[in-house]
>>> print(open('model.cif').read())   # mmCIF, C-alpha atoms
data_work
loop_
_atom_site.label_atom_id
_atom_site.label_comp_id
_atom_site.auth_asym_id
_atom_site.auth_seq_id
_atom_site.Cartn_x
_atom_site.Cartn_y
_atom_site.Cartn_z
CA MET A 281 0.00 0.00 0.00
CA CYS A 282 2.81 2.41 0.89
CA GLU A 283 4.64 1.55 -2.34
CA LYS A 284 1.53 2.36 -4.37
CA ILE A 285 1.05 5.68 -2.54
CA ASN A 286 4.67 6.68 -3.15
CA LYS A 287 4.41 5.81 -6.82
CA VAL A 288 1.12 7.71 -7.18
CA ASN A 289 2.62 10.78 -5.46
CA SER A 290 5.69 10.72 -7.69
CA TRP A 291 3.51 10.32 -10.79
CA LEU A 292 1.24 13.18 -9.79
CA SER A 293 4.23 15.40 -8.97
CA GLY A 294 5.73 14.74 -12.37
CA LEU A 295 2.36 15.24 -14.08
CA PHE A 296 1.54 18.63 -12.48
CA GLY A 297 5.16 19.86 -12.37
CA ASP A 298 5.41 23.19 -10.57
CA GLN A 299 1.67 23.33 -9.84
CA PRO A 300 0.42 21.96 -6.50
CA VAL A 301 -1.15 18.51 -6.54
CA PRO A 302 -4.93 18.64 -5.78
CA GLN A 303 -6.04 17.11 -2.53
CA PHE A 304 -7.86 13.75 -2.74
CA GLU A 305 -9.22 11.22 -0.30
CA VAL A 306 -6.64 8.58 0.44
CA ASN A 307 -8.29 5.18 0.61
CA THR A 308 -7.80 1.80 -0.97
CA ARG A 309 -10.10 2.44 -3.92
CA THR A 310 -8.69 5.83 -4.93
CA VAL A 311 -5.09 4.66 -4.50
CA ASP A 312 -5.76 1.60 -6.66
CA LEU A 313 -7.39 3.69 -9.39
CA LEU A 314 -4.56 6.26 -9.38
CA TYR A 315 -1.96 3.48 -9.36
CA GLN A 316 -3.59 1.92 -12.43
CA LEU A 317 -3.66 5.33 -14.16
CA ALA A 318 0.00 5.86 -13.30
CA GLN A 319 0.98 2.50 -14.76
CA SER A 320 -1.10 3.14 -17.90
CA SER A 321 0.40 6.64 -18.27
CA GLU A 322 3.96 5.36 -17.86
CA ALA A 323 3.32 2.64 -20.44
CA ARG A 324 1.94 5.17 -22.90
CA CYS A 325 4.81 7.55 -22.27
CA SER A 326 7.29 4.75 -22.84
CA ASP A 327 5.57 3.78 -26.11
CA THR A 328 5.50 7.43 -27.17
CA ALA A 329 9.19 7.85 -26.42
CA LEU A 330 10.04 4.77 -28.46
CA LEU A 331 7.90 6.03 -31.34
CA ILE A 332 9.60 9.43 -31.19
CA GLU A 333 13.03 7.82 -31.27
CA ASP A 334 11.99 5.65 -34.23
CA LEU A 335 10.68 8.68 -36.12
CA LYS A 336 13.83 10.64 -35.35
CA GLN A 337 15.90 7.77 -36.66
CA LYS A 338 13.80 7.52 -39.83
CA ALA A 339 14.02 11.29 -40.31
CA SER A 340 17.79 11.15 -40.07
CA GLU A 341 17.85 8.26 -42.53
CA TYR A 342 15.57 10.18 -44.94
CA GLN A 343 17.77 13.24 -44.62
CA ALA A 344 20.83 11.15 -45.41
CA ASP A 345 19.07 9.57 -48.40
CA GLY A 346 17.97 13.00 -49.60
CA ALA A 347 21.49 14.38 -49.31
CA HIS A 348 22.85 11.35 -51.17
CA LEU A 349 20.26 11.72 -53.94
CA GLN A 350 21.06 15.42 -54.22
CA ASP A 351 24.73 14.61 -54.55
CA VAL A 352 23.95 11.97 -57.21
CA LEU A 353 21.77 14.37 -59.17
CA LEU A 354 24.27 17.18 -58.85
CA GLN A 355 27.34 15.12 -59.76
CA GLY A 356 25.77 12.71 -62.30
CA VAL A 357 23.18 14.85 -64.10
CA GLY A 358 24.14 18.29 -62.97
CA LEU A 359 20.69 19.10 -61.54
CA SER A 360 20.12 21.25 -58.51
CA ASN A 361 17.36 23.33 -57.02
CA ALA A 362 18.85 26.45 -58.51
CA SER A 363 19.14 24.93 -62.01
CA LEU A 364 15.42 23.88 -62.19
CA SER A 365 12.86 26.19 -63.74
CA LYS A 366 9.78 27.24 -61.78
CA PRO A 367 7.32 24.95 -63.71
CA ALA A 368 9.71 22.00 -63.24
CA ALA A 369 9.96 22.76 -59.53
CA ASP A 370 6.19 23.00 -59.31
CA TYR A 371 5.77 19.67 -61.11
CA LEU A 372 8.34 18.08 -58.85
CA SER A 373 6.56 19.44 -55.74
CA ALA A 374 3.19 18.17 -57.03
CA LEU A 375 4.76 14.75 -57.72
CA VAL A 376 6.14 14.63 -54.20
CA ASP A 377 2.78 15.73 -52.72
CA ASN A 378 0.94 13.02 -54.69
CA ALA A 379 3.44 10.43 -53.56
CA MET A 380 2.93 11.48 -49.96
CA VAL A 381 -0.89 11.45 -50.31
CA LEU A 382 -0.86 8.02 -51.95
CA GLY A 383 1.65 6.73 -49.43
CA VAL A 384 4.06 5.21 -51.97
CA ARG A 385 7.71 4.47 -51.29
CA ASP A 386 8.99 6.35 -54.33
CA THR A 387 7.78 8.32 -57.34
CA SER A 388 8.18 5.54 -59.89
CA LEU A 389 5.32 4.54 -62.19
CA GLY A 390 5.32 1.03 -60.69
CA SER A 391 4.54 2.57 -57.29
CA PHE A 392 1.95 5.05 -58.53
CA MET A 393 -0.20 2.59 -60.55
CA PRO A 394 -1.10 0.18 -57.69
CA ALA A 395 -1.76 3.16 -55.42
CA VAL A 396 -4.04 4.75 -58.02
CA ASN A 397 -5.82 1.42 -58.56
CA ASN A 398 -6.34 1.03 -54.83
CA LEU A 399 -7.63 4.60 -54.63
CA THR A 400 -10.00 3.92 -57.55
CA ASN A 401 -11.28 0.78 -55.83
CA GLU A 402 -11.84 2.78 -52.67
CA VAL A 403 -13.73 5.42 -54.65
CA LEU A 404 -15.94 2.73 -56.27
CA GLU A 405 -16.59 1.15 -52.90
CA ALA A 406 -17.43 4.57 -51.49
CA GLU A 407 -19.85 5.25 -54.38
CA LYS A 408 -21.43 1.81 -53.90
CA SER A 409 -21.77 2.46 -50.18
CA ASN A 410 -23.18 5.91 -50.97
CA ARG A 411 -25.84 4.43 -53.27
CA ARG A 412 -26.73 1.87 -50.63
CA LEU A 413 -26.99 4.58 -48.01
CA GLU A 414 -29.17 6.66 -50.34
CA ARG A 415 -31.55 3.70 -50.82
CA GLU A 416 -31.68 3.18 -47.09
CA LEU A 417 -32.25 6.91 -46.63
CA ARG A 418 -35.17 6.89 -49.09
CA ALA A 419 -36.64 3.86 -47.35
CA LEU A 420 -36.22 5.60 -43.99
CA ARG A 421 -37.89 8.74 -45.35
CA LYS A 422 -40.85 6.68 -46.55
CA ARG A 423 -41.07 4.93 -43.21
CA LEU A 424 -40.74 8.29 -41.47
CA GLY A 425 -43.61 9.71 -43.56
CA ALA A 426 -45.79 6.69 -42.80
CA THR A 427 -44.82 6.95 -39.13
CA LEU A 428 -45.73 10.64 -39.05
CA VAL A 429 -49.10 9.92 -40.68
CA LEU A 430 -49.70 7.11 -38.20
CA ARG A 431 -48.66 9.41 -35.37
CA SER A 432 -51.12 12.05 -36.56
CA THR A 433 -53.88 9.46 -36.82
CA LEU A 434 -53.07 8.09 -33.38
CA GLN A 435 -53.04 11.61 -31.96
CA GLU A 436 -56.48 12.26 -33.43
CA ASP A 437 -57.72 8.96 -32.02
CA ILE A 438 -56.26 9.86 -28.63
CA ASN A 439 -57.98 13.25 -28.71
CA LYS A 440 -61.28 11.62 -29.66
CA THR A 441 -60.81 9.01 -26.93
CA VAL A 442 -60.05 11.73 -24.37
CA LYS A 443 -63.19 13.64 -25.37
CA ALA A 444 -65.28 10.45 -25.29
CA GLN A 445 -63.85 9.58 -21.87
CA ALA A 446 -64.72 13.06 -20.63
CA VAL A 447 -68.30 12.67 -21.88
CA GLU A 448 -68.54 9.15 -20.43
CA SER A 449 -67.11 10.40 -17.14
CA ALA A 450 -69.73 13.16 -16.98
CA THR A 451 -72.44 10.63 -17.89
CA ALA A 452 -71.15 8.24 -15.24
CA GLU A 453 -71.22 10.98 -12.63
CA GLU A 454 -74.80 11.84 -13.59
CA ARG A 455 -75.72 8.16 -13.39
CA LEU A 456 -74.08 7.90 -9.98
CA LEU A 457 -76.07 10.88 -8.77
CA SER A 458 -79.24 9.38 -10.25
CA MET A 459 -78.38 6.03 -8.67
CA ASP A 460 -77.94 7.66 -5.27
CA PHE A 461 -81.28 9.44 -5.69
CA LEU A 462 -82.96 6.20 -6.80
CA MET A 463 -81.45 4.28 -3.90
CA VAL A 464 -82.80 6.87 -1.46
CA LYS A 465 -86.20 6.73 -3.16
CA ALA A 466 -86.16 2.93 -3.18
CA LYS A 467 -85.33 2.86 0.50
CA GLU A 468 -88.11 5.36 1.19
CA LEU A 469 -90.62 3.36 -0.87
CA SER A 470 -89.53 0.16 0.84
CA ASN A 471 -90.17 1.73 4.23
CA ARG A 472 -93.56 3.01 3.05
CA ARG A 473 -94.43 -0.44 1.68
CA GLU A 474 -93.46 -2.09 4.96
CA ARG A 475 -95.58 0.41 6.90
CA ALA A 476 -98.51 -0.13 4.53
CA GLU A 477 -98.20 -3.93 4.84
CA ALA A 478 -98.12 -3.60 8.60
CA GLN A 479 -101.29 -1.47 8.49
CA LEU A 480 -103.03 -3.96 6.22
CA VAL A 481 -102.08 -6.85 8.49
CA SER A 482 -103.36 -4.95 11.51
CA ARG A 483 -106.69 -4.33 9.71
CA ASN A 484 -107.10 -8.03 8.67
CA MET A 485 -107.28 -7.24 4.95
CA ASP A 486 -108.54 -9.98 2.65
CA LYS A 487 -105.70 -11.41 0.59
CA SER A 488 -107.94 -11.75 -2.44
CA VAL A 489 -107.79 -8.00 -3.09
CA THR A 490 -104.02 -7.78 -3.04
CA HIS A 491 -102.09 -6.87 -6.14
CA GLN A 492 -100.61 -10.35 -6.46
CA ALA A 493 -104.06 -11.96 -6.22
CA ILE A 494 -105.48 -9.54 -8.81
CA VAL A 495 -102.58 -10.28 -11.17
CA GLN A 496 -103.17 -14.00 -10.73
CA LEU A 497 -106.88 -13.57 -11.45
CA SER A 498 -106.05 -11.52 -14.54
CA GLU A 499 -103.80 -14.31 -15.79
CA GLU A 500 -106.54 -16.87 -15.18
CA VAL A 501 -109.07 -14.68 -17.03
CA THR A 502 -106.69 -14.39 -19.97
CA THR A 503 -106.27 -18.18 -20.02
CA LEU A 504 -110.05 -18.70 -19.93
CA LYS A 505 -110.51 -16.23 -22.80
CA GLN A 506 -108.06 -18.20 -24.86
CA GLU A 507 -109.93 -21.41 -24.07
CA ILE A 508 -113.30 -19.80 -24.97
CA ILE A 509 -112.18 -18.80 -28.48
CA PRO A 510 -112.37 -22.36 -29.98
CA LEU A 511 -115.70 -22.94 -28.21
CA LYS A 512 -117.10 -19.79 -29.80
CA GLU A 513 -115.97 -21.07 -33.17
CA LYS A 514 -117.86 -24.30 -32.58
CA LEU A 515 -121.05 -22.44 -31.50
CA LYS A 516 -120.93 -19.99 -34.39
CA PRO A 517 -123.19 -22.10 -36.74
CA TYR A 518 -125.87 -22.18 -34.00
CA MET A 519 -125.90 -18.48 -33.34
CA ASP A 520 -128.75 -17.90 -35.89
CA LEU A 521 -131.21 -20.11 -33.91
CA SER A 522 -133.86 -18.42 -31.82
CA PRO A 523 -133.40 -18.43 -28.10
CA SER A 524 -137.06 -19.66 -27.65
CA PRO A 525 -137.57 -23.49 -27.86
CA PHE A 526 -140.97 -23.03 -29.53
CA LEU A 527 -139.61 -20.77 -32.27
CA ALA A 528 -136.69 -23.11 -32.74
CA GLN A 529 -139.13 -26.04 -33.26
CA VAL A 530 -141.03 -23.98 -35.83
CA LYS A 531 -137.78 -23.26 -37.68
CA ILE A 532 -136.93 -26.95 -37.71
CA GLU A 533 -140.39 -27.97 -39.07
CA GLU A 534 -140.16 -25.35 -41.82
CA ALA A 535 -136.80 -26.69 -42.79
CA LYS A 536 -138.22 -30.25 -42.88
CA ARG A 537 -141.10 -29.09 -45.08
CA GLU A 538 -138.74 -27.41 -47.50
CA LEU A 539 -136.63 -30.55 -47.60
CA VAL A 540 -139.64 -32.76 -48.40
CA SER A 541 -140.73 -30.39 -51.16
CA ILE A 542 -137.25 -30.44 -52.68
CA GLN A 543 -137.20 -34.25 -52.57
CA ILE A 544 -140.59 -34.48 -54.30
CA VAL A 545 -139.51 -32.04 -57.00
CA ASN A 546 -136.35 -33.99 -57.64
CA SER A 547 -138.25 -37.26 -57.83
CA ALA A 548 -140.75 -35.78 -60.24
CA MET A 549 -138.02 -34.40 -62.45
CA ASN A 550 -136.37 -37.80 -62.56
CA LYS A 551 -139.67 -39.51 -63.55
CA GLY A 552 -140.89 -36.81 -65.92
CA TRP A 553 -143.96 -35.78 -63.83
CA PHE A 554 -143.14 -32.16 -63.46
CA ASN A 555 -145.71 -30.99 -66.09
CA SER A 556 -148.47 -33.50 -65.32
CA PHE A 557 -151.67 -32.73 -63.50
CA TYR A 558 -151.20 -35.61 -61.12
CA PHE A 559 -147.95 -34.26 -59.94
CA LEU A 560 -149.50 -30.93 -59.07
CA ILE A 561 -152.33 -32.63 -57.15
CA SER A 562 -149.88 -34.81 -55.29
CA LEU A 563 -147.73 -31.84 -54.42
CA PHE A 564 -150.77 -29.90 -53.16
CA ILE A 565 -151.93 -32.82 -51.00
CA LEU A 566 -148.47 -33.36 -49.60
CA GLN A 567 -148.10 -29.68 -48.78
CA ALA A 568 -151.44 -29.66 -46.98
CA ALA A 569 -150.49 -32.74 -44.97
CA VAL A 570 -147.21 -31.22 -43.87
CA ASP A 571 -148.92 -27.95 -42.89
CA SER A 572 -151.57 -29.82 -40.92
CA GLU A 573 -148.95 -31.84 -39.09
CA LEU A 574 -146.98 -28.68 -38.35
CA GLU A 575 -150.09 -26.92 -36.98
CA MET A 576 -150.86 -29.92 -34.77
CA LYS A 577 -147.41 -29.87 -33.34
CA VAL A 578 -147.58 -26.13 -32.77
CA ASP A 579 -150.95 -26.51 -30.98
CA PHE A 580 -149.57 -29.29 -28.92
CA LYS A 581 -146.66 -27.22 -27.83
#
>>> encode(input="model.cif", output="structure tokens")
Amino acid sequence: MCEKINKVNSWLSGLFGDQPVPQFEVNTRTVDLLYQLAQSSEARCSDTALLIEDLKQKASEYQADGAHLQDVLLQGVGLSNASLSKPAADYLSALVDNAMVLGVRDTSLGSFMPAVNNLTNEVLEAEKSNRRLERELRALRKRLGATLVLRSTLQEDINKTVKAQAVESATAEERLLSMDFLMVKAKELSNRRERAEAQLVSRNMDKSVTHQAIVQLSEEVTTLKQEIIPLKEKLKPYMDLSPSPFLAQVKIEEAKRELVSIQIVNSAMNKGWFNSFYFLISLFILQAAVDSELEMKVDFK
């Protein structure tokens, strides 16, 4: 623990330099965290120092190569910075800049062509990715439009639902108030009914005049009316008869006389006597006999 604290203090002192180190709570957790940060910082600083040394070494090597190439150009070809024209210097600078952008080792055509091909492939891949992203963007815009329309519809439905709930809530409150009023009235009517029943019992009221008995009698009357209907249908042919037995007997005898006359006429027509004198005499005698018998029966009655 003491070793970690000492290392943390030394790391913080080196980190802040001349500035005072901020105060912090010294406990196991904070010391462990600061110790881990110190180790990570030292590792990064070590890696950075190595990288700096490597870059310095490469820079010195590049400077040596550049000086050697300048000597070769100056001694072999006789070229120098002062001997180049301004367009040639500009072209040379552009060639160097392109080589640095493409990341090639030298400015030869064999180095430039693969780099350009790779760059072209990257451009094609970027265009392909761009087209794919544009399709996805169009699809997302369509989905966003549909989502916005759905959101608007849902918002309208929510507003309608809220209004309907408000109306239903008001209706429910009115019904609750009406229910309370009806419950009070029902209780009052129940008390009045109990008092009335008690009064009727005290006065020895006949049960046949109660509402239940009257309803039962009404149902029985309705049933009897339904049973009477077929009986009325059966008695309908006899409704034309006279209520007096004597007049009814007279009606029956008249009907018998008419029946006998019809039978005689039919018999005469079958035998061809309808135009003969004997038929008329026989019909007159028969009619007189029937009338006489009818008068005797009437006198007897």
>>> atom_distance(input="model.cif", atom1="atom CA of A:Cys325", atom2="atom CA of A:Trp291")
11.9 Å
>>> atom_distance(input="model.cif", atom1="atom CA of A:Leu330", atom2="atom CA of A:Gln299")
27.6 Å
>>> atom_distance(input="model.cif", atom1="atom CA of A:Val301", atom2="atom CA of A:Ala318")
14.4 Å
>>> closest_residue(input="model.cif", among="A:Val384, A:Leu292, A:Leu335, A:Ile532", to="A:Glu322", atoms="all atoms listed in the file")
A:Leu292
>>> closest_residue(input="model.cif", among="A:Leu382, A:Leu317, A:Asn307, A:Ala493", to="A:Leu295", atoms="all atoms listed in the file")
A:Leu317
